[in-house]
Amino acid sequence: MTISVAIVDDQALVRMGLRALIDAEDDLTLAGEAEDGTAAVALARRARPDVMLMDIRMPGRDGIAALRDITADETLSAVKVIMLTTFELDEYVFNALQAGAAGFLIKDSEPTDLLRAIRLVAEGESLLSPTVTRTVIGSFANRAVSRRHPQLDELTDRETEILILVAQGLNNEEIAKQLWISKATARTHVSRAMIKLGARDRAQLVVIAYQSDLV
């Protein structure tokens, strides 16, 4: 399956580097480029990419504002957005996850990490930069007011258990091995938890788990 990727960054050199990386991969195709948040939303609606790589900080309309527009548009529910940031402790990271980002990467990440990120997110996994630990995400979450999600009680014990494992950073394969279940069963439980909690993706499950003090 070919994965279509859109690039959003106000720096031409960054866009050029990402474009070259994508063009070199047989399973990736460039869906288009944009240099600000307003153009990013228009690009998402026009090209409907599988994955969008978007800078958090841009002049004018920034990446988070554009992300909120994209996630609020039900016709763009299949578009997964990976936010790019310069600093691993960027103050906008948690806000980006709350807004519906599938994850984030540091701009100076290794090319192999970026390609892995695109493929993981396209498959429905969430992604945190290899250089950013779950502790960092927890610190951002703890700055927000702790509030238990009203739909948590609708989860089964197994779904709650898996929600906690997702928040700890485990992917479906790792969850399956830890709980002695199949990968397909783990994926089903994650999907059901997302539906019950109204989460757009796994990254939002992480946010919900932290804000509800499950981890």
# chains A, B, ... in the order shown; residues from 1 in each chain; ligands from 1
>>> residues_around(residues="segment 121-126 of chain A", least_positions_apart="4", cutoff="9 Å", atoms="only C-alpha atoms", output="PyMOL selection string")
chain A and resi 3+50-51+79-82+101-103+116-117+169+171-172+201-204
>>> write_last_selection(atoms="N, CA and C atoms", output="PDB file, in the first residue's frame")
ATOM      1  N   ILE A   3       1.551   5.085   0.871  1.00  0.00           N
ATOM      2  CA  ILE A   3       1.132   6.052   1.877  1.00  0.00           C
ATOM      3  C   ILE A   3       1.366   7.457   1.328  1.00  0.00           C
ATOM      4  N   ASP A  50      -2.718  10.574   3.733  1.00  0.00           N
ATOM      5  CA  ASP A  50      -2.793   9.610   4.838  1.00  0.00           C
ATOM      6  C   ASP A  50      -2.107  10.182   6.072  1.00  0.00           C
ATOM      7  N   VAL A  51      -0.971  10.832   5.854  1.00  0.00           N
ATOM      8  CA  VAL A  51      -0.183  11.392   6.956  1.00  0.00           C
ATOM      9  C   VAL A  51       0.246  12.804   6.580  1.00  0.00           C
ATOM     10  N   VAL A  79      -7.085  11.639   8.023  1.00  0.00           N
ATOM     11  CA  VAL A  79      -5.796  12.336   7.938  1.00  0.00           C
ATOM     12  C   VAL A  79      -5.119  12.308   9.307  1.00  0.00           C
ATOM     13  N   LYS A  80      -3.948  11.681   9.384  1.00  0.00           N
ATOM     14  CA  LYS A  80      -3.200  11.606  10.630  1.00  0.00           C
ATOM     15  C   LYS A  80      -2.077  12.635  10.601  1.00  0.00           C
ATOM     16  N   VAL A  81      -1.972  13.425  11.668  1.00  0.00           N
ATOM     17  CA  VAL A  81      -1.008  14.519  11.689  1.00  0.00           C
ATOM     18  C   VAL A  81       0.113  14.246  12.696  1.00  0.00           C
ATOM     19  N   ILE A  82       1.341  14.276  12.201  1.00  0.00           N
ATOM     20  CA  ILE A  82       2.522  14.196  13.059  1.00  0.00           C
ATOM     21  C   ILE A  82       3.087  15.602  13.166  1.00  0.00           C
ATOM     22  N   ALA A 101      -3.224  15.392  17.532  1.00  0.00           N
ATOM     23  CA  ALA A 101      -2.036  14.941  16.807  1.00  0.00           C
ATOM     24  C   ALA A 101      -1.814  13.454  17.051  1.00  0.00           C
ATOM     25  N   ALA A 102      -1.374  12.762  16.021  1.00  0.00           N
ATOM     26  CA  ALA A 102      -1.079  11.338  16.166  1.00  0.00           C
ATOM     27  C   ALA A 102       0.239  11.117  16.892  1.00  0.00           C
ATOM     28  N   GLY A 103       0.982  12.200  17.082  1.00  0.00           N
ATOM     29  CA  GLY A 103       2.254  12.117  17.769  1.00  0.00           C
ATOM     30  C   GLY A 103       3.132  13.271  17.351  1.00  0.00           C
ATOM     31  N   ARG A 116       9.871   5.550   9.957  1.00  0.00           N
ATOM     32  CA  ARG A 116       9.148   4.607  10.831  1.00  0.00           C
ATOM     33  C   ARG A 116       7.896   5.274  11.383  1.00  0.00           C
ATOM     34  N   ALA A 117       8.016   6.548  11.747  1.00  0.00           N
ATOM     35  CA  ALA A 117       6.882   7.294  12.292  1.00  0.00           C
ATOM     36  C   ALA A 117       5.744   7.368  11.285  1.00  0.00           C
ATOM     37  N   GLY A 169       2.967   3.554  26.581  1.00  0.00           N
ATOM     38  CA  GLY A 169       3.763   3.557  25.366  1.00  0.00           C
ATOM     39  C   GLY A 169       3.839   2.251  24.620  1.00  0.00           C
ATOM     40  N   ASN A 171       2.831  -0.670  22.031  1.00  0.00           N
ATOM     41  CA  ASN A 171       2.057  -0.813  20.800  1.00  0.00           C
ATOM     42  C   ASN A 171       1.236  -2.094  20.867  1.00  0.00           C
ATOM     43  N   ASN A 172       0.465  -2.374  19.826  1.00  0.00           N
ATOM     44  CA  ASN A 172      -0.442  -3.526  19.860  1.00  0.00           C
ATOM     45  C   ASN A 172       0.308  -4.850  20.044  1.00  0.00           C
ATOM     46  N   ASP A 201      -7.540   9.016  18.100  1.00  0.00           N
ATOM     47  CA  ASP A 201      -6.471   8.048  17.863  1.00  0.00           C
ATOM     48  C   ASP A 201      -5.837   7.650  19.192  1.00  0.00           C
ATOM     49  N   ARG A 202      -4.783   6.850  19.116  1.00  0.00           N
ATOM     50  CA  ARG A 202      -4.119   6.338  20.312  1.00  0.00           C
ATOM     51  C   ARG A 202      -3.495   7.459  21.142  1.00  0.00           C
ATOM     52  N   ALA A 203      -2.992   8.480  20.470  1.00  0.00           N
ATOM     53  CA  ALA A 203      -2.369   9.581  21.207  1.00  0.00           C
ATOM     54  C   ALA A 203      -3.362  10.235  22.152  1.00  0.00           C
ATOM     55  N   GLN A 204      -4.607  10.361  21.710  1.00  0.00           N
ATOM     56  CA  GLN A 204      -5.618  10.958  22.588  1.00  0.00           C
ATOM     57  C   GLN A 204      -5.983  10.022  23.731  1.00  0.00           C
TER      58      GLN A 204
END
>>> residues_around(residues="Lys196 of chain A", least_positions_apart="2", cutoff="7 Å", atoms="only C-alpha atoms", output="PyMOL selection string")
chain A and resi 151+154+192-194+198
>>> write_last_selection(atoms="N, CA, C and O atoms", output="compact mmCIF listing (two decimals), in the first residue's frame")
# COMPACT_ATOMS: atom_id res chain seq x y z
N GLN A 151 -16.70 8.87 30.33
CA GLN A 151 -17.02 7.58 29.72
C GLN A 151 -16.11 6.44 30.18
O GLN A 151 -16.24 5.31 29.71
N GLU A 154 -17.58 3.13 31.19
CA GLU A 154 -18.15 2.28 30.15
C GLU A 154 -17.15 1.23 29.66
O GLU A 154 -17.54 0.28 28.98
N ARG A 192 -12.14 -0.33 20.48
CA ARG A 192 -13.36 -0.18 21.28
C ARG A 192 -13.19 0.92 22.33
O ARG A 192 -14.12 1.69 22.61
N ALA A 193 -12.01 0.97 22.94
CA ALA A 193 -11.75 2.03 23.93
C ALA A 193 -11.80 3.40 23.27
O ALA A 193 -12.35 4.35 23.84
N MET A 194 -11.25 3.51 22.07
CA MET A 194 -11.27 4.78 21.35
C MET A 194 -12.70 5.21 21.06
O MET A 194 -13.07 6.38 21.24
N GLY A 198 -14.46 8.43 22.70
CA GLY A 198 -14.50 9.50 21.71
C GLY A 198 -13.13 10.00 21.33
O GLY A 198 -12.95 11.18 21.01
>>> atom_distance(atom1="atom CA of Ile175 of chain A", atom2="atom CA of Thr160 of chain A")
12.5 Å
>>> select_by_dssp(residues="segment 1-185 of chain A", states="strand (DSSP E)", output="PyMOL selection string")
chain A and resi 3-8+28-34+51-55+80-85+103-106+127-128
>>> write_last_selection(atoms="N, CA and C atoms", output="CSV table (one decimal), in the first residue's frame")
chain,number,residue,atom,x,y,z
A,3,ILE,N,1.6,5.1,0.9
A,3,ILE,CA,1.1,6.1,1.9
A,3,ILE,C,1.4,7.5,1.3
A,4,SER,N,0.3,8.3,1.3
A,4,SER,CA,0.5,9.6,0.8
A,4,SER,C,0.8,10.6,2.0
A,5,VAL,N,1.8,11.4,1.8
A,5,VAL,CA,2.3,12.2,2.8
A,5,VAL,C,2.4,13.7,2.4
A,6,ALA,N,1.8,14.6,3.2
A,6,ALA,CA,1.9,16.0,3.0
A,6,ALA,C,2.9,16.7,3.9
A,7,ILE,N,3.5,17.7,3.5
A,7,ILE,CA,4.5,18.4,4.3
A,7,ILE,C,4.1,19.9,4.5
A,8,VAL,N,4.2,20.3,5.8
A,8,VAL,CA,3.8,21.7,6.1
A,8,VAL,C,5.0,22.3,7.0
A,28,LEU,N,6.0,5.4,-0.3
A,28,LEU,CA,5.6,6.7,0.1
A,28,LEU,C,5.4,7.6,-1.1
A,29,THR,N,4.4,8.5,-1.1
A,29,THR,CA,4.3,9.4,-2.2
A,29,THR,C,3.9,10.8,-1.6
A,30,LEU,N,4.4,11.8,-2.3
A,30,LEU,CA,4.2,13.2,-1.8
A,30,LEU,C,2.8,13.7,-2.2
A,31,ALA,N,2.0,14.1,-1.3
A,31,ALA,CA,0.7,14.6,-1.6
A,31,ALA,C,0.6,16.1,-1.8
A,32,GLY,N,1.7,16.8,-1.4
A,32,GLY,CA,1.7,18.2,-1.5
A,32,GLY,C,2.4,18.9,-0.4
A,33,GLU,N,2.7,20.2,-0.5
A,33,GLU,CA,3.4,21.0,0.5
A,33,GLU,C,2.6,22.3,0.8
A,34,ALA,N,2.9,22.8,2.0
A,34,ALA,CA,2.3,24.1,2.4
A,34,ALA,C,3.3,24.7,3.4
A,51,VAL,N,-1.0,10.8,5.9
A,51,VAL,CA,-0.2,11.4,7.0
A,51,VAL,C,0.2,12.8,6.6
A,52,MET,N,0.2,13.7,7.5
A,52,MET,CA,0.7,15.1,7.3
A,52,MET,C,1.7,15.4,8.4
A,53,LEU,N,2.9,15.8,7.9
A,53,LEU,CA,4.0,16.2,8.7
A,53,LEU,C,3.9,17.7,8.9
A,54,MET,N,3.7,18.2,10.1
A,54,MET,CA,3.4,19.7,10.2
A,54,MET,C,4.2,20.3,11.4
A,55,ASP,N,4.8,21.4,11.1
A,55,ASP,CA,5.6,22.1,12.1
A,55,ASP,C,4.6,22.7,13.1
A,80,LYS,N,-3.9,11.7,9.4
A,80,LYS,CA,-3.2,11.6,10.6
A,80,LYS,C,-2.1,12.6,10.6
A,81,VAL,N,-2.0,13.4,11.7
A,81,VAL,CA,-1.0,14.5,11.7
A,81,VAL,C,0.1,14.2,12.7
A,82,ILE,N,1.3,14.3,12.2
A,82,ILE,CA,2.5,14.2,13.1
A,82,ILE,C,3.1,15.6,13.2
A,83,MET,N,3.2,16.1,14.4
A,83,MET,CA,3.7,17.5,14.6
A,83,MET,C,5.2,17.4,14.7
A,84,LEU,N,5.9,18.4,14.0
A,84,LEU,CA,7.3,18.5,14.1
A,84,LEU,C,7.7,19.7,15.0
A,85,THR,N,8.7,19.4,15.9
A,85,THR,CA,9.1,20.5,16.8
A,85,THR,C,10.6,20.5,16.9
A,103,GLY,N,1.0,12.2,17.1
A,103,GLY,CA,2.3,12.1,17.8
A,103,GLY,C,3.1,13.3,17.4
A,104,PHE,N,4.4,13.2,17.8
A,104,PHE,CA,5.3,14.3,17.3
A,104,PHE,C,6.7,13.8,17.2
A,105,LEU,N,7.5,14.5,16.5
A,105,LEU,CA,8.9,14.2,16.3
A,105,LEU,C,9.8,15.4,16.4
A,106,ILE,N,11.0,15.2,16.9
A,106,ILE,CA,11.9,16.3,16.9
A,106,ILE,C,12.5,16.5,15.5
A,127,LEU,N,2.6,7.9,18.0
A,127,LEU,CA,4.0,8.0,18.0
A,127,LEU,C,4.5,9.1,18.9
A,128,LEU,N,5.5,8.8,19.7
A,128,LEU,CA,6.2,9.8,20.4
A,128,LEU,C,7.6,9.7,20.0
>>> closest_residue(among="A:Ala176, A:Ala78, A:Met58, A:Ala12", to="Gly37 of chain A", atoms="only C-alpha atoms")
A:Met58
>>> residues_around(residues="Asp157 of chain A", least_positions_apart="5", cutoff="12 Å", atoms="only C-alpha atoms", output="list of chain:residue names")
A:Leu152, A:Ile162, A:Leu163, A:Ile164, A:His189, A:Ala193
>>> write_last_selection(atoms="N, CA and C atoms", output="PDB file, in the first residue's frame")
ATOM      1  N   LEU A 152     -15.197   6.712  31.104  1.00  0.00           N
ATOM      2  CA  LEU A 152     -14.279   5.659  31.545  1.00  0.00           C
ATOM      3  C   LEU A 152     -15.019   4.467  32.140  1.00  0.00           C
ATOM      4  N   ILE A 162      -5.873  -2.247  29.018  1.00  0.00           N
ATOM      5  CA  ILE A 162      -5.177  -1.954  27.763  1.00  0.00           C
ATOM      6  C   ILE A 162      -4.985  -0.457  27.585  1.00  0.00           C
ATOM      7  N   LEU A 163      -5.942   0.351  28.035  1.00  0.00           N
ATOM      8  CA  LEU A 163      -5.794   1.803  27.983  1.00  0.00           C
ATOM      9  C   LEU A 163      -4.550   2.233  28.753  1.00  0.00           C
ATOM     10  N   ILE A 164      -4.344   1.654  29.902  1.00  0.00           N
ATOM     11  CA  ILE A 164      -3.176   1.986  30.722  1.00  0.00           C
ATOM     12  C   ILE A 164      -1.888   1.580  29.998  1.00  0.00           C
ATOM     13  N   HIS A 189      -9.535  -4.302  21.138  1.00  0.00           N
ATOM     14  CA  HIS A 189      -9.772  -3.654  22.437  1.00  0.00           C
ATOM     15  C   HIS A 189      -9.421  -2.170  22.382  1.00  0.00           C
ATOM     16  N   ALA A 193     -12.011   0.974  22.940  1.00  0.00           N
ATOM     17  CA  ALA A 193     -11.748   2.026  23.932  1.00  0.00           C
ATOM     18  C   ALA A 193     -11.799   3.399  23.271  1.00  0.00           C
TER      19      ALA A 193
END
>>> closest_residue(among="A:Leu165, A:Ala44, A:Ala65, A:Ile56", to="Ser77 of chain A", atoms="only C-alpha atoms")
A:Ala44
>>> closest_residue(among="A:Arg48, A:Arg148, A:Arg200, A:Arg15", to="Gly100 of chain A", atoms="only C-alpha atoms")
A:Arg200
>>> select_by_dssp(residues="chain A", states="helix (DSSP H, G or I)", output="ChimeraX atom specification")
/A:12-23,37-47,63-72,74-76,93-98,111-122,134-143,152-154,157-167,172-179,183-197,202-211
>>> atom_distance(atom1="atom CA of Ala209 of chain A", atom2="atom CA of Ile195 of chain A")
14.6 Å
>>> atom_distance(atom1="atom CA of Leu170 of chain A", atom2="atom CA of Ile118 of chain A")
17.4 Å
>>> closest_residue(among="A:Thr75, A:Val93, A:Asp9, A:Glu110", to="Pro59 of chain A", atoms="only C-alpha atoms")
A:Asp9
>>> residues_around(residues="Ala99 of chain A", least_positions_apart="4", cutoff="9 Å", atoms="only C-alpha atoms", output="short mmCIF file (atom, residue, chain, number, x, y, z; two decimals) with all heavy atoms, in the first residue's frame")
data_model
loop_
_atom_site.label_atom_id
_atom_site.label_comp_id
_atom_site.auth_asym_id
_atom_site.auth_seq_id
_atom_site.Cartn_x
_atom_site.Cartn_y
_atom_site.Cartn_z
N ILE A 64 -0.79 24.13 15.51
CA ILE A 64 -1.85 23.66 16.40
C ILE A 64 -3.21 24.18 15.95
O ILE A 64 -4.21 23.46 15.97
CB ILE A 64 -1.56 24.04 17.86
CG1 ILE A 64 -0.32 23.30 18.35
CG2 ILE A 64 -2.76 23.70 18.75
CD1 ILE A 64 0.06 23.59 19.77
N ALA A 65 -3.27 25.44 15.55
CA ALA A 65 -4.53 26.01 15.06
C ALA A 65 -4.99 25.25 13.82
O ALA A 65 -6.18 24.92 13.67
CB ALA A 65 -4.36 27.48 14.74
N LEU A 67 -4.15 22.18 13.04
CA LEU A 67 -4.49 20.83 13.49
C LEU A 67 -5.92 20.78 14.03
O LEU A 67 -6.67 19.85 13.73
CB LEU A 67 -3.51 20.39 14.57
CG LEU A 67 -3.81 19.06 15.28
CD1 LEU A 67 -3.76 17.90 14.31
CD2 LEU A 67 -2.84 18.85 16.44
N ARG A 68 -6.30 21.79 14.81
CA ARG A 68 -7.66 21.81 15.37
C ARG A 68 -8.70 21.88 14.26
O ARG A 68 -9.76 21.25 14.34
CB ARG A 68 -7.81 23.00 16.33
CG ARG A 68 -7.02 22.83 17.63
CD ARG A 68 -7.46 23.84 18.67
NE ARG A 68 -6.76 23.63 19.93
CZ ARG A 68 -5.80 24.42 20.40
NH1 ARG A 68 -5.45 25.49 19.72
NH2 ARG A 68 -5.21 24.15 21.55
N THR A 71 -8.83 18.29 12.66
CA THR A 71 -9.48 17.27 13.48
C THR A 71 -10.96 17.56 13.70
O THR A 71 -11.75 16.66 14.00
CB THR A 71 -8.78 17.13 14.84
OG1 THR A 71 -8.74 18.41 15.50
CG2 THR A 71 -7.36 16.63 14.67
N PHE A 94 2.04 18.99 24.44
CA PHE A 94 0.84 18.40 25.01
C PHE A 94 -0.42 18.99 24.40
O PHE A 94 -1.40 18.30 24.17
CB PHE A 94 0.82 18.58 26.54
CG PHE A 94 -0.28 17.81 27.20
CD1 PHE A 94 -0.25 16.43 27.22
CD2 PHE A 94 -1.36 18.45 27.77
CE1 PHE A 94 -1.27 15.70 27.82
CE2 PHE A 94 -2.38 17.73 28.37
CZ PHE A 94 -2.33 16.36 28.39
N ASN A 95 -0.39 20.29 24.11
CA ASN A 95 -1.53 20.92 23.44
C ASN A 95 -1.78 20.27 22.08
O ASN A 95 -2.93 20.11 21.67
CB ASN A 95 -1.28 22.42 23.26
CG ASN A 95 -1.35 23.19 24.56
OD1 ASN A 95 -1.98 22.75 25.51
ND2 ASN A 95 -0.67 24.32 24.62
N GLN A 204 -4.61 10.36 21.71
CA GLN A 204 -5.62 10.96 22.59
C GLN A 204 -5.98 10.02 23.73
O GLN A 204 -6.38 10.47 24.81
CB GLN A 204 -6.85 11.35 21.78
CG GLN A 204 -6.63 12.58 20.92
CD GLN A 204 -7.91 13.22 20.48
OE1 GLN A 204 -8.86 12.55 20.08
NE2 GLN A 204 -7.96 14.55 20.54
#
